[in-house]
$ cat work.cif   # mmCIF, C-alpha atoms
data_entry
#
loop_
_atom_site.label_atom_id
_atom_site.label_comp_id
_atom_site.auth_asym_id
_atom_site.auth_seq_id
_atom_site.Cartn_x
_atom_site.Cartn_y
_atom_site.Cartn_z
CA MET A 5 -22.94 -85.69 -36.76
CA THR A 6 -21.50 -89.18 -37.25
CA ASN A 7 -20.47 -91.02 -40.39
CA ASN A 8 -22.99 -91.93 -43.12
CA TRP A 9 -25.16 -88.98 -42.18
CA LYS A 10 -26.27 -90.46 -38.89
CA ILE A 11 -27.02 -87.99 -36.14
CA ASN A 12 -27.31 -88.39 -32.41
CA ARG A 13 -30.72 -88.85 -30.76
CA ARG A 14 -30.04 -85.74 -28.65
CA SER A 15 -29.23 -83.47 -31.60
CA PHE A 16 -30.47 -79.88 -31.77
CA LEU A 17 -31.35 -77.35 -34.40
CA GLN A 18 -29.36 -74.18 -33.76
CA GLY A 19 -30.35 -70.54 -34.14
CA VAL A 20 -29.22 -67.17 -32.82
CA GLY A 21 -29.58 -67.46 -29.05
CA VAL A 22 -31.60 -70.65 -29.16
CA SER A 23 -31.28 -74.36 -29.70
CA CYS A 24 -34.21 -76.61 -30.47
CA ALA A 25 -34.38 -80.33 -29.70
CA LEU A 26 -35.33 -82.61 -32.58
CA PRO A 27 -37.93 -85.37 -32.56
CA TYR A 28 -36.78 -88.86 -33.42
CA LEU A 29 -35.82 -89.28 -37.09
CA ASP A 30 -34.92 -92.49 -38.90
CA VAL A 31 -31.50 -91.00 -39.64
CA MET A 32 -30.71 -91.13 -35.92
CA ALA A 33 -30.29 -94.89 -35.58
CA GLU A 34 -29.19 -97.93 -37.57
CA ASP A 35 -31.61 -100.39 -36.04
CA LYS A 36 -34.93 -100.38 -34.26
CA PRO A 37 -34.31 -100.08 -30.50
CA ALA A 38 -34.58 -103.22 -28.41
CA GLU A 39 -37.88 -103.66 -26.58
CA ASP A 40 -36.39 -103.16 -23.14
CA THR A 41 -35.15 -99.68 -24.08
CA ARG A 42 -38.64 -98.30 -24.53
CA PRO A 43 -39.32 -95.37 -22.18
CA LYS A 44 -41.97 -95.76 -19.50
CA ARG A 45 -43.81 -92.50 -19.05
CA MET A 46 -46.44 -91.20 -16.62
CA ALA A 47 -48.98 -88.37 -16.81
CA TYR A 48 -51.51 -87.23 -14.20
CA VAL A 49 -54.29 -84.82 -15.20
CA TYR A 50 -56.60 -83.41 -12.52
CA ILE A 51 -59.95 -81.62 -12.67
CA PRO A 52 -61.30 -79.90 -9.52
CA ASN A 53 -64.63 -79.86 -7.70
CA GLY A 54 -65.68 -83.36 -8.68
CA VAL A 55 -68.09 -84.41 -11.43
CA SER A 56 -71.83 -84.52 -11.99
CA LEU A 57 -73.44 -87.57 -10.34
CA PRO A 58 -77.21 -86.93 -10.17
CA GLU A 59 -79.50 -89.64 -8.84
CA ASP A 60 -82.59 -88.18 -10.51
CA PRO A 61 -83.36 -90.20 -13.70
CA GLU A 62 -84.28 -86.93 -15.42
CA TYR A 63 -80.57 -86.04 -15.46
CA ALA A 64 -79.21 -89.53 -16.14
CA ASP A 65 -77.35 -88.35 -19.23
CA SER A 66 -75.46 -85.82 -17.12
CA ARG A 67 -73.99 -88.55 -14.90
CA TRP A 68 -70.23 -88.98 -15.29
CA PHE A 69 -69.93 -92.71 -14.54
CA PRO A 70 -71.10 -95.17 -17.21
CA VAL A 71 -74.13 -97.42 -17.07
CA GLY A 72 -73.32 -101.09 -16.48
CA GLU A 73 -69.92 -102.64 -15.77
CA GLY A 74 -67.23 -104.68 -17.48
CA LYS A 75 -66.72 -104.55 -21.24
CA ASP A 76 -70.38 -103.85 -22.01
CA TYR A 77 -70.61 -100.55 -20.19
CA LYS A 78 -72.41 -97.65 -21.87
CA VAL A 79 -71.16 -94.10 -21.49
CA THR A 80 -73.50 -91.18 -21.00
CA LYS A 81 -73.09 -87.86 -22.77
CA THR A 82 -70.38 -86.70 -20.36
CA LEU A 83 -67.88 -89.35 -21.51
CA ALA A 84 -69.05 -89.65 -25.13
CA ALA A 85 -65.80 -88.09 -26.41
CA MET A 86 -63.92 -91.15 -25.09
CA LYS A 87 -65.73 -93.62 -27.37
CA PRO A 88 -62.94 -93.66 -30.01
CA PHE A 89 -60.48 -94.65 -27.27
CA ARG A 90 -62.51 -97.43 -25.67
CA ASP A 91 -59.72 -99.97 -26.19
CA ASP A 92 -57.17 -97.54 -24.74
CA ILE A 93 -58.90 -96.67 -21.48
CA SER A 94 -60.22 -98.18 -18.28
CA ILE A 95 -62.87 -96.34 -16.26
CA LEU A 96 -62.53 -96.82 -12.51
CA GLY A 97 -65.05 -96.34 -9.73
CA GLY A 98 -65.07 -96.91 -5.98
CA LEU A 99 -61.51 -95.76 -5.29
CA SER A 100 -60.51 -93.05 -2.83
CA HIS A 101 -58.02 -92.17 -0.11
CA PRO A 102 -59.38 -93.42 3.27
CA LYS A 103 -57.74 -90.60 5.25
CA SER A 104 -59.44 -88.02 3.04
CA ARG A 105 -62.98 -89.38 3.10
CA ASN A 106 -64.17 -87.27 6.03
CA LEU A 107 -62.20 -84.14 5.23
CA LEU A 108 -63.38 -80.95 3.60
CA GLY A 109 -63.63 -81.84 -0.07
CA HIS A 110 -61.37 -79.00 -1.14
CA LEU A 111 -58.38 -80.79 0.32
CA ALA A 112 -58.82 -83.21 -2.57
CA GLY A 113 -56.20 -81.57 -4.73
CA ASP A 114 -53.68 -81.62 -1.87
CA THR A 115 -53.96 -85.39 -1.51
CA TRP A 116 -54.86 -86.69 -4.98
CA LEU A 117 -51.34 -87.97 -5.70
CA THR A 118 -50.11 -88.20 -2.10
CA ALA A 119 -52.82 -89.96 -0.03
CA GLY A 120 -51.45 -87.74 2.73
CA ASP A 121 -53.01 -87.47 6.15
CA LEU A 122 -54.18 -83.86 6.52
CA ARG A 123 -56.64 -84.45 9.33
CA GLY A 124 -54.59 -82.59 11.94
CA ALA A 125 -53.90 -78.91 12.41
CA LYS A 126 -50.43 -79.19 10.89
CA TYR A 127 -49.88 -79.61 7.16
CA LEU A 128 -48.10 -82.96 7.01
CA ASN A 129 -48.40 -84.18 3.46
CA ASN A 130 -46.72 -87.13 1.76
CA VAL A 131 -44.49 -87.35 -1.31
CA SER A 132 -46.63 -87.52 -4.47
CA VAL A 133 -46.53 -90.64 -6.61
CA ASP A 134 -45.38 -88.70 -9.68
CA GLN A 135 -42.26 -87.59 -7.82
CA LEU A 136 -41.41 -91.18 -6.89
CA ALA A 137 -41.50 -91.98 -10.59
CA ALA A 138 -39.51 -88.84 -11.41
CA GLN A 139 -36.73 -89.87 -9.04
CA GLU A 140 -36.47 -93.19 -10.85
CA PHE A 141 -36.54 -91.82 -14.40
CA LYS A 142 -34.61 -88.55 -14.06
CA GLN A 143 -31.34 -90.21 -15.06
CA HIS A 144 -32.72 -90.71 -18.58
CA THR A 145 -33.92 -87.19 -19.38
CA ARG A 146 -32.97 -83.53 -19.19
CA TYR A 147 -35.69 -82.77 -16.62
CA PRO A 148 -37.01 -84.99 -13.79
CA SER A 149 -40.62 -83.89 -14.29
CA PHE A 150 -42.88 -81.15 -15.57
CA VAL A 151 -45.42 -79.72 -13.13
CA PHE A 152 -48.15 -77.68 -14.83
CA SER A 153 -51.32 -75.93 -13.68
CA THR A 154 -53.65 -73.13 -14.72
CA ASP A 155 -52.60 -70.69 -12.01
CA GLY A 156 -48.97 -71.50 -11.28
CA GLY A 157 -47.13 -71.60 -7.96
CA VAL A 158 -48.27 -73.74 -5.03
CA GLY A 159 -51.40 -72.01 -3.68
CA TYR A 160 -52.20 -72.86 -0.07
CA LYS A 161 -53.79 -75.61 2.03
CA SER A 162 -57.06 -76.84 0.50
CA ARG A 163 -56.55 -74.50 -2.47
CA VAL A 164 -53.27 -75.82 -3.85
CA SER A 165 -52.26 -75.06 -7.43
CA THR A 166 -49.94 -78.03 -7.81
CA LEU A 167 -50.33 -81.80 -7.70
CA SER A 168 -46.69 -82.54 -6.97
CA PHE A 169 -45.02 -82.80 -3.55
CA ASP A 170 -41.40 -83.56 -2.72
CA ASN A 171 -39.97 -86.19 -0.36
CA ASN A 172 -40.76 -83.96 2.62
CA GLY A 173 -44.37 -83.45 1.54
CA LYS A 174 -43.68 -79.86 0.48
CA PRO A 175 -45.51 -78.56 -2.62
CA ILE A 176 -43.51 -78.19 -5.81
CA PRO A 177 -44.34 -74.94 -7.65
CA SER A 178 -46.22 -75.48 -10.89
CA GLU A 179 -45.71 -73.63 -14.16
CA HIS A 180 -48.54 -72.06 -16.13
CA ARG A 181 -47.08 -69.45 -18.46
CA HIS A 182 -46.81 -70.98 -21.91
CA ARG A 183 -43.96 -68.75 -23.01
CA THR A 184 -41.86 -69.70 -19.99
CA ILE A 185 -42.54 -73.38 -20.56
CA PHE A 186 -41.90 -73.11 -24.28
CA GLU A 187 -38.64 -71.20 -23.92
CA ARG A 188 -37.48 -73.67 -21.32
CA TYR A 189 -37.56 -76.45 -23.89
CA PHE A 190 -35.29 -74.63 -26.31
CA SER A 191 -32.90 -72.60 -24.20
CA PRO A 192 -29.22 -73.58 -24.52
CA GLN A 193 -28.68 -72.13 -21.05
CA ASN A 194 -30.67 -74.91 -19.38
CA GLY A 195 -33.70 -72.79 -18.64
CA THR A 196 -32.36 -69.24 -18.72
CA THR A 197 -32.94 -66.77 -21.53
CA THR A 198 -29.88 -65.60 -23.45
CA ALA A 199 -29.31 -61.97 -24.34
CA GLU A 200 -29.69 -62.89 -28.01
CA ARG A 201 -33.04 -64.55 -27.35
CA LYS A 202 -34.26 -61.54 -25.37
CA ARG A 203 -33.45 -59.34 -28.35
CA SER A 204 -35.25 -61.66 -30.74
CA LEU A 205 -38.31 -61.65 -28.48
CA SER A 206 -38.32 -57.86 -28.50
CA MET A 207 -38.28 -58.07 -32.32
CA ASN A 208 -41.21 -60.51 -32.24
CA GLN A 209 -39.10 -63.31 -33.75
CA LYS A 210 -40.27 -66.87 -33.19
CA ILE A 211 -38.01 -69.78 -32.37
CA VAL A 212 -39.17 -71.65 -35.47
CA ASP A 213 -37.87 -68.76 -37.59
CA LEU A 214 -34.54 -68.65 -35.78
CA VAL A 215 -33.81 -72.33 -36.39
CA LEU A 216 -35.25 -72.40 -39.92
CA GLU A 217 -31.89 -72.10 -41.67
CA ASP A 218 -30.44 -74.99 -39.70
CA SER A 219 -33.45 -77.15 -40.54
CA LYS A 220 -32.98 -76.32 -44.22
CA SER A 221 -29.34 -77.42 -44.09
CA LEU A 222 -30.35 -80.71 -42.46
CA ARG A 223 -33.19 -81.45 -44.87
CA PRO A 224 -31.15 -82.56 -47.97
CA ASN A 225 -29.62 -85.41 -45.95
CA LEU A 226 -32.98 -86.86 -44.92
CA GLY A 227 -35.18 -89.50 -46.50
CA GLN A 228 -38.75 -88.71 -47.50
CA GLN A 229 -40.25 -89.95 -44.24
CA ASP A 230 -37.79 -87.91 -42.18
CA LYS A 231 -38.49 -84.83 -44.29
CA TYR A 232 -42.17 -85.25 -43.58
CA LYS A 233 -41.48 -85.64 -39.85
CA LEU A 234 -39.26 -82.54 -39.82
CA ASP A 235 -41.81 -80.44 -41.71
CA GLU A 236 -44.59 -81.60 -39.39
CA TYR A 237 -42.47 -80.78 -36.36
CA MET A 238 -41.61 -77.30 -37.59
CA HIS A 239 -45.29 -76.69 -38.34
CA SER A 240 -46.29 -77.77 -34.83
CA LEU A 241 -43.67 -75.45 -33.30
CA ASN A 242 -44.99 -72.55 -35.34
CA ARG A 243 -48.62 -73.29 -34.44
CA MET A 244 -47.77 -73.59 -30.76
CA GLU A 245 -45.89 -70.33 -30.62
CA GLU A 246 -48.67 -68.51 -32.47
CA GLN A 247 -51.10 -69.71 -29.81
CA ILE A 248 -48.71 -68.59 -27.08
CA LYS A 249 -48.58 -65.10 -28.60
CA ARG A 250 -52.39 -64.93 -28.64
CA SER A 251 -52.60 -65.97 -25.01
CA GLU A 252 -49.83 -63.90 -23.47
CA ALA A 253 -52.10 -60.99 -22.53
CA TRP A 254 -53.89 -63.41 -20.20
CA PHE A 255 -50.65 -64.56 -18.60
CA ASP A 256 -49.69 -60.98 -17.77
CA VAL A 257 -52.75 -60.55 -15.55
CA PRO A 258 -51.62 -60.71 -11.87
CA LEU A 259 -52.49 -64.17 -10.58
CA LYS A 260 -53.82 -63.27 -7.14
CA ASP A 261 -56.67 -65.03 -5.43
CA PHE A 262 -59.94 -63.27 -6.03
CA ASP A 263 -63.64 -63.40 -5.22
CA SER A 264 -65.02 -64.89 -8.42
CA SER A 265 -68.53 -63.62 -7.66
CA LYS A 266 -67.22 -60.09 -8.17
CA LEU A 267 -65.11 -60.85 -11.23
CA GLU A 268 -65.53 -58.39 -14.07
CA LEU A 269 -65.67 -60.68 -17.06
CA ASP A 270 -65.00 -57.96 -19.62
CA VAL A 271 -61.47 -57.69 -18.30
CA TYR A 272 -60.92 -61.34 -19.23
CA ALA A 273 -62.81 -61.33 -22.52
CA HIS A 274 -59.75 -62.59 -24.39
CA ILE A 275 -59.56 -65.82 -22.38
CA ASP A 276 -60.08 -68.93 -24.49
CA PRO A 277 -60.03 -71.85 -22.04
CA GLN A 278 -60.05 -74.48 -24.79
CA ALA A 279 -57.02 -72.95 -26.49
CA TYR A 280 -55.26 -72.60 -23.15
CA ILE A 281 -55.86 -76.18 -22.03
CA ARG A 282 -55.03 -77.65 -25.43
CA SER A 283 -51.81 -75.64 -25.62
CA ILE A 284 -50.67 -77.17 -22.35
CA PHE A 285 -51.55 -80.59 -23.73
CA ASP A 286 -49.55 -79.76 -26.88
CA LEU A 287 -46.56 -78.86 -24.72
CA MET A 288 -46.91 -82.13 -22.85
CA VAL A 289 -46.99 -84.13 -26.08
CA LEU A 290 -43.95 -82.24 -27.36
CA GLY A 291 -42.08 -82.88 -24.12
CA TYR A 292 -42.71 -86.61 -24.41
CA GLN A 293 -41.90 -86.65 -28.11
CA LEU A 294 -38.53 -85.02 -27.47
CA ASP A 295 -37.99 -87.22 -24.39
CA LEU A 296 -37.30 -84.15 -22.25
CA THR A 297 -38.99 -85.77 -19.27
CA ARG A 298 -41.03 -88.89 -18.58
CA VAL A 299 -43.26 -87.63 -15.77
CA MET A 300 -45.79 -84.79 -15.95
CA THR A 301 -48.66 -83.48 -13.86
CA TYR A 302 -51.31 -81.01 -14.98
CA MET A 303 -53.79 -79.45 -12.57
CA ILE A 304 -56.36 -78.02 -14.97
CA ALA A 305 -57.88 -75.80 -12.27
CA ARG A 306 -57.95 -75.25 -8.51
CA GLU A 307 -60.55 -76.25 -5.98
CA ASP A 308 -63.34 -74.10 -4.53
CA GLY A 309 -63.67 -71.38 -7.14
CA MET A 310 -60.09 -70.20 -6.92
CA GLY A 311 -58.15 -68.93 -9.91
CA PHE A 312 -58.90 -68.73 -13.62
CA GLY A 313 -60.44 -72.18 -13.88
CA GLU A 314 -63.51 -71.13 -11.90
CA ASN A 315 -64.71 -69.16 -14.89
CA PHE A 316 -63.97 -71.70 -17.61
CA PRO A 317 -67.68 -72.72 -17.79
CA LYS A 318 -68.63 -69.13 -18.53
CA PHE A 319 -66.42 -69.05 -21.60
CA ALA A 320 -66.71 -72.72 -22.56
CA ILE A 321 -70.46 -73.40 -22.39
CA GLY A 322 -71.94 -69.96 -21.84
CA SER A 323 -72.80 -70.56 -18.21
CA LYS A 324 -73.77 -67.66 -15.99
CA GLN A 325 -72.19 -69.41 -13.01
CA GLY A 326 -68.65 -70.40 -12.16
CA HIS A 327 -67.61 -74.05 -11.87
CA HIS A 328 -67.68 -74.20 -8.08
CA THR A 329 -71.06 -72.47 -7.92
CA ILE A 330 -72.53 -74.98 -10.38
CA THR A 331 -71.37 -77.89 -8.23
CA HIS A 332 -73.26 -76.60 -5.18
CA ASP A 333 -76.30 -74.79 -6.52
CA LEU A 334 -78.14 -77.96 -7.58
CA ALA A 335 -81.57 -77.02 -6.27
CA THR A 336 -82.03 -74.65 -9.22
CA GLY A 337 -81.36 -77.35 -11.81
CA HIS A 338 -77.63 -77.13 -12.45
CA TRP A 339 -77.22 -80.88 -12.96
CA LYS A 340 -77.50 -80.50 -16.71
CA GLU A 341 -75.16 -77.49 -16.70
CA TRP A 342 -72.63 -79.43 -14.65
CA GLY A 343 -72.95 -82.38 -17.01
CA ASP A 344 -72.44 -80.08 -20.00
CA TYR A 345 -69.24 -78.77 -18.47
CA ASP A 346 -68.02 -82.29 -17.69
CA THR A 347 -68.73 -83.13 -21.33
CA TRP A 348 -66.68 -80.15 -22.47
CA MET A 349 -63.82 -81.08 -20.15
CA THR A 350 -63.82 -84.68 -21.37
CA THR A 351 -63.56 -83.35 -24.92
CA GLN A 352 -60.35 -81.55 -23.96
CA PHE A 353 -58.93 -84.76 -22.53
CA ALA A 354 -59.94 -86.58 -25.71
CA TYR A 355 -57.86 -84.03 -27.63
CA PHE A 356 -54.84 -85.01 -25.53
CA MET A 357 -55.57 -88.69 -26.05
CA ASP A 358 -55.77 -88.23 -29.81
CA LYS A 359 -52.47 -86.35 -29.91
CA MET A 360 -50.76 -89.00 -27.78
CA LYS A 361 -52.15 -91.82 -29.90
CA ASN A 362 -51.17 -90.23 -33.21
CA THR A 363 -47.71 -89.01 -32.24
CA SER A 364 -44.87 -91.53 -32.43
CA ASP A 365 -41.18 -91.76 -31.73
CA GLU A 366 -38.75 -94.61 -32.32
CA HIS A 367 -40.56 -96.69 -29.71
CA GLY A 368 -44.06 -96.45 -31.16
CA THR A 369 -46.99 -94.25 -30.21
CA LEU A 370 -46.58 -92.02 -27.17
CA LEU A 371 -49.85 -93.35 -25.75
CA ASP A 372 -48.68 -96.96 -25.73
CA ASN A 373 -45.61 -95.98 -23.72
CA THR A 374 -47.39 -93.63 -21.29
CA GLN A 375 -49.75 -94.32 -18.41
CA ILE A 376 -52.20 -91.43 -18.11
CA LEU A 377 -54.47 -90.97 -15.10
CA TYR A 378 -57.29 -88.46 -15.55
CA GLY A 379 -59.86 -87.52 -12.97
CA SER A 380 -60.69 -85.87 -9.69
CA SER A 381 -60.51 -86.82 -6.05
CA CYS A 382 -64.09 -86.09 -5.17
CA SER A 383 -67.57 -86.32 -6.59
CA THR A 384 -71.00 -84.95 -5.73
CA GLN A 385 -70.93 -82.16 -3.14
CA HIS A 386 -67.14 -82.59 -2.86
CA ASN A 387 -67.44 -85.77 -0.85
CA ALA A 388 -64.00 -87.34 -1.25
CA ASN A 389 -65.31 -90.81 -2.08
CA ASN A 390 -65.73 -92.76 -5.30
CA CYS A 391 -63.13 -90.85 -7.29
CA PRO A 392 -64.01 -90.43 -10.98
CA LEU A 393 -60.98 -91.83 -12.80
CA ILE A 394 -59.86 -92.83 -16.29
CA LEU A 395 -56.62 -94.77 -16.68
CA ALA A 396 -55.34 -94.67 -20.25
CA GLY A 397 -52.44 -95.88 -22.38
CA GLY A 398 -49.48 -97.95 -21.25
CA LYS A 399 -50.13 -100.96 -23.51
CA ASN A 400 -46.39 -101.51 -23.88
CA MET A 401 -46.24 -101.73 -20.07
CA GLY A 402 -48.79 -104.54 -20.01
CA LEU A 403 -51.99 -102.56 -19.38
CA GLU A 404 -55.14 -104.14 -20.80
CA HIS A 405 -58.09 -101.79 -21.23
CA GLY A 406 -61.70 -101.76 -22.30
CA GLU A 407 -63.69 -102.12 -19.07
CA TYR A 408 -65.46 -100.11 -16.40
CA THR A 409 -64.62 -101.57 -13.00
CA ILE A 410 -66.13 -100.64 -9.65
CA TYR A 411 -63.77 -101.47 -6.78
CA ASP A 412 -64.68 -102.23 -3.19
CA PRO A 413 -64.26 -98.88 -1.41
CA LYS A 414 -63.72 -100.55 1.97
CA ASN A 415 -60.81 -102.72 0.90
CA THR A 416 -59.19 -101.08 -2.12
CA PRO A 417 -57.71 -97.61 -1.55
CA LEU A 418 -56.61 -95.50 -4.50
CA SER A 419 -53.01 -96.02 -3.43
CA ASN A 420 -53.28 -99.64 -4.55
CA LEU A 421 -53.70 -98.34 -8.10
CA TYR A 422 -50.62 -96.15 -7.68
CA VAL A 423 -48.55 -99.15 -6.62
CA LYS A 424 -49.64 -101.10 -9.72
CA MET A 425 -48.88 -98.15 -11.99
CA LEU A 426 -45.39 -97.83 -10.49
CA ASN A 427 -44.79 -101.54 -10.90
CA ALA A 428 -45.94 -101.46 -14.52
CA ALA A 429 -43.43 -98.67 -15.12
CA GLY A 430 -40.65 -100.89 -13.77
CA ILE A 431 -40.44 -99.29 -10.32
CA GLU A 432 -40.28 -102.07 -7.77
CA THR A 433 -42.31 -101.19 -4.70
CA GLU A 434 -44.90 -103.08 -2.68
CA THR A 435 -46.40 -100.08 -0.93
CA PHE A 436 -47.27 -96.44 -1.38
CA ALA A 437 -48.79 -94.28 1.36
CA ASP A 438 -51.82 -96.20 2.76
CA SER A 439 -51.90 -99.00 0.19
CA THR A 440 -52.97 -102.48 1.30
CA GLU A 441 -52.21 -106.02 0.23
CA GLU A 442 -55.64 -106.35 -1.35
CA PRO A 443 -55.15 -107.56 -4.97
CA PHE A 444 -55.95 -104.96 -7.60
CA LYS A 445 -58.12 -106.73 -10.14
CA GLY A 446 -57.94 -106.15 -13.86
CA ILE A 447 -55.97 -103.82 -16.16
CA PHE A 448 -52.45 -104.86 -15.20
CA ALA A 449 -51.12 -108.06 -16.77
#

$ encode --input "work.cif" --output "C-alpha cells"
Amino acid sequence: MTNNWKINRRSFLQGVGVSCALPYLDVMAEDKPAEDTRPKRMAYVYIPNGVSLPEDPEYADSRWFPVGEGKDYKVTKTLAAMKPFRDDISILGGLSHPKSRNLLGHLAGDTWLTAGDLRGAKYLNNVSVDQLAAQEFKQHTRYPSFVFSTDGGVGYKSRVSTLSFDNNGKPIPSEHRHRTIFERYFSPQNGTTTAERKRSLSMNQKIVDLVLEDSKSLRPNLGQQDKYKLDEYMHSLNRMEEQIKRSEAWFDVPLKDFDSSKLELDVYAHIDPQAYIRSIFDLMVLGYQLDLTRVMTYMIAREDGMGFGENFPKFAIGSKQGHHTITHDLATGHWKEWGDYDTWMTTQFAYFMDKMKNTSDEHGTLLDNTQILYGSSCSTQHNANNCPLILAGGKNMGLEHGEYTIYDPKNTPLSNLYVKMLNAAGIETETFADSTEEPFKGIFA
C-alpha cells in the first residue's frame, strides 16, 4: 500500500493458503490511464461440426447466415440472440482456409486458427494466430494465454481438443476442469496448490471465505463506488465457486474417447451444458477483468461426436440425437433440430457478450478492448468452406461493426482476417499462413 491509501494495480487479497487478485478500483490510480496504455485483448471461441444451412425454404428460419447483406441484414431465429449486440458485431461469410477446403471436415478444428496444410500423411501444422498474439502480449500479464476446451488435453488428428498450437505446430494442451482453472487464478505458488489450500478444500472452504477478512479490512478505505465494485466482485467469486462445486462430479468422470451411440445417459444425468459453458465464459471474463492474460481460446466441443459436447443437444434442447448425428441425418428432418441447437449455442455466446459489455476496468468495457471471433470452420455436411463467423468487440482498436459481409471465397482466405485482427491489436505483420495481399474490406478502420 502506498501513501494516501493508494494501492497497486496488482494488489491481492490474502487468506490462509491463498491470494486473490483484485479487479481495478478507483483507489488504485490518481489519474485515468492514457489512451495508449489500454490493453488489446483477443478471444477465439469455436463450435464444432458446422452450422445449419438448409436450402429448403421450409427450414429458412433454421439457417445460420442472415438474409440480405450490409447494414440492413435480417437475422433468422438461429442468431436472434445477437440482436442486442448488432452495433458490436460483424457477421462474416465466404471465408475459409484454401488448404482445408478439400479435406475431411473434421480436420476443421485442427486448422481453424492455424490455416495449416494437413493434406499429407504427416501432421505438419502451423502456429495458431492466438499464440502469435500471446507471444507479443505475454510481457504485460501473469500468463501468456488461457487455452480452454470441454474435454481438456490435445486429442488427436482430426479430433483435437485444443485450438492452440505452438511455434512448431504442436498442440498446446487445453484446460477444462473449472476447479483447476479457478485455483490457478488465486494460487500464490504460481499455479500449484499449497498445503494450507489443500486442507481448506478438504474442509469444503471456499476461496471467497478465506479472503473475506482481508476484504473487510480494505473496505473502510474505499469510496462508495469502490465498495460496490468490491462487493460485486466477491459475489461473483462466490457464485462461480458454487457452480464449480455443483459441476465437479462431472469433471471426475474419466475423459476417454467413447462411442456416443452407446452412451448411457443416466450416468451423466447431472450434466448441465449451459452452466458448464457459462462458467467457462465467467472465468474468461474474470481473467480479462483481472488482466491475468490477454489471449484466450475456448473450444466448446470437439469434432465428429467426440467427447462430452456430442451430447449437449440431448440436455440442452431435449434431442434424441447427438450433435454430430444431427448434422448428418438430414433426410429425416433434422434441419429444424440443428437450427434449434444453433439457436441455443448462440444464446450462450450472447451471455458471454453481455458479460463482456457490462464488465469494465480502468480502460472501459472489456468488450471494447477485446476482439472476439466466434464460429466454426465448416458448414453443411462438414464441407470446410464458407465459415460461419462473428467478429465482435474491439471498438477501441478501431473496429467498426454493424454489417453482414460476404467475401469472395476465391480471393480472400480467412488468414487475411487474422492479419487484420493482429494489426488492429498493434502487432505489425503483413502475412499469416496463406494470407494474400487482397484488401480486406470493411470492419477495420

$ closest_residue --input "work.cif" --among "A:Lys445, A:Asp30, A:Leu111, A:His328" --to "Asn225 (chain A)" --atoms "only C-alpha atoms"
A:Asp30

$ residues_near_point --input "work.cif" --point "(-61.3, -70.3, 0.3)" --cutoff "8 Å" --atoms "only C-alpha atoms" --output "list in words"
Ser162, Arg163, Asp308, Gly309 and Met310 of chain A

$ residues_around --input "work.cif" --residues "Tyr411 (chain A)" --least-positions-apart "5" --cutoff "8 Å" --atoms "all atoms listed in the file" --output "ChimeraX atom specification"
/A:96-99,416

$ atom_distance --input "work.cif" --atom1 "CA of Leu83 (chain A)" --atom2 "CA of Trp68 (chain A)"
6.7 Å

$ residues_around --input "work.cif" --residues "Gln278 (chain A)" --least-positions-apart "4" --cutoff "10 Å" --atoms "only C-alpha atoms" --output "list in words"
Arg282, Ser283, Phe316, Phe319, Ala320, Trp348, Met349, Thr351 and Gln352 of chain A

$ residues_around --input "work.cif" --residues "Lys81 (chain A)" --least-positions-apart "4" --cutoff "9 Å" --atoms "all atoms listed in the file" --output "ChimeraX atom specification"
/A:65-68,85,343-344,347

$ residues_around --input "work.cif" --residues "Gly291 (chain A)" --least-positions-apart "6" --cutoff "12 Å" --atoms "only C-alpha atoms" --output "list in words"
Cys24, Ala25, Leu26, Pro27, Arg45, Ala47, Thr145, Arg146, Tyr147, Pro148, Ser149, Phe150, Val151, Ile185, Phe186, Arg188, Tyr189, Phe190, Leu241, Ile284, Phe285, Thr297, Arg298, Val299, Met300, Met360, Thr363, Asp365 and Leu370 of chain A

$ resolve_selection --input "work.cif" --expression "the PyMOL selection byres ((chain A and resi 53) around 9)" --output "JSON list (two decimals) with C-alpha atoms, in the frame of the given file"
[["chain", "number", "residue", "atom", "x", "y", "z"],
["A", 51, "ILE", "CA", -59.95, -81.62, -12.67],
["A", 52, "PRO", "CA", -61.30, -79.90, -9.52],
["A", 54, "GLY", "CA", -65.68, -83.36, -8.68],
["A", 55, "VAL", "CA", -68.09, -84.41, -11.43],
["A", 109, "GLY", "CA", -63.63, -81.84, -0.07],
["A", 110, "HIS", "CA", -61.37, -79.00, -1.14],
["A", 112, "ALA", "CA", -58.82, -83.21, -2.57],
["A", 306, "ARG", "CA", -57.95, -75.25, -8.51],
["A", 307, "GLU", "CA", -60.55, -76.25, -5.98],
["A", 308, "ASP", "CA", -63.34, -74.10, -4.53],
["A", 309, "GLY", "CA", -63.67, -71.38, -7.14],
["A", 327, "HIS", "CA", -67.61, -74.05, -11.87],
["A", 328, "HIS", "CA", -67.68, -74.20, -8.08],
["A", 331, "THR", "CA", -71.37, -77.89, -8.23],
["A", 380, "SER", "CA", -60.69, -85.87, -9.69],
["A", 381, "SER", "CA", -60.51, -86.82, -6.05],
["A", 382, "CYS", "CA", -64.09, -86.09, -5.17],
["A", 383, "SER", "CA", -67.57, -86.32, -6.59],
["A", 384, "THR", "CA", -71.00, -84.95, -5.73],
["A", 385, "GLN", "CA", -70.93, -82.16, -3.14],
["A", 386, "HIS", "CA", -67.14, -82.59, -2.86]]

$ residues_around --input "work.cif" --residues "Leu371 (chain A)" --least-positions-apart "6" --cutoff "9 Å" --atoms "all atoms listed in the file" --output "count of residues only"
13

$ atom_distance --input "work.cif" --atom1 "CA of Ala429 (chain A)" --atom2 "CA of Leu403 (chain A)"
10.3 Å

$ closest_residue --input "work.cif" --among "A:Leu290, A:Met46, A:Ala354, A:Ile410" --to "Ala428 (chain A)" --atoms "only C-alpha atoms"
A:Met46

$ closest_residue --input "work.cif" --among "A:Val79, A:Leu117, A:Ile330, A:Val289" --to "Asn130 (chain A)" --atoms "only C-alpha atoms"
A:Leu117

$ closest_residue --input "work.cif" --among "A:Asp218, A:Asp76, A:Glu434, A:Asp155" --to "Tyr280 (chain A)" --atoms "all atoms listed in the file"
A:Asp155
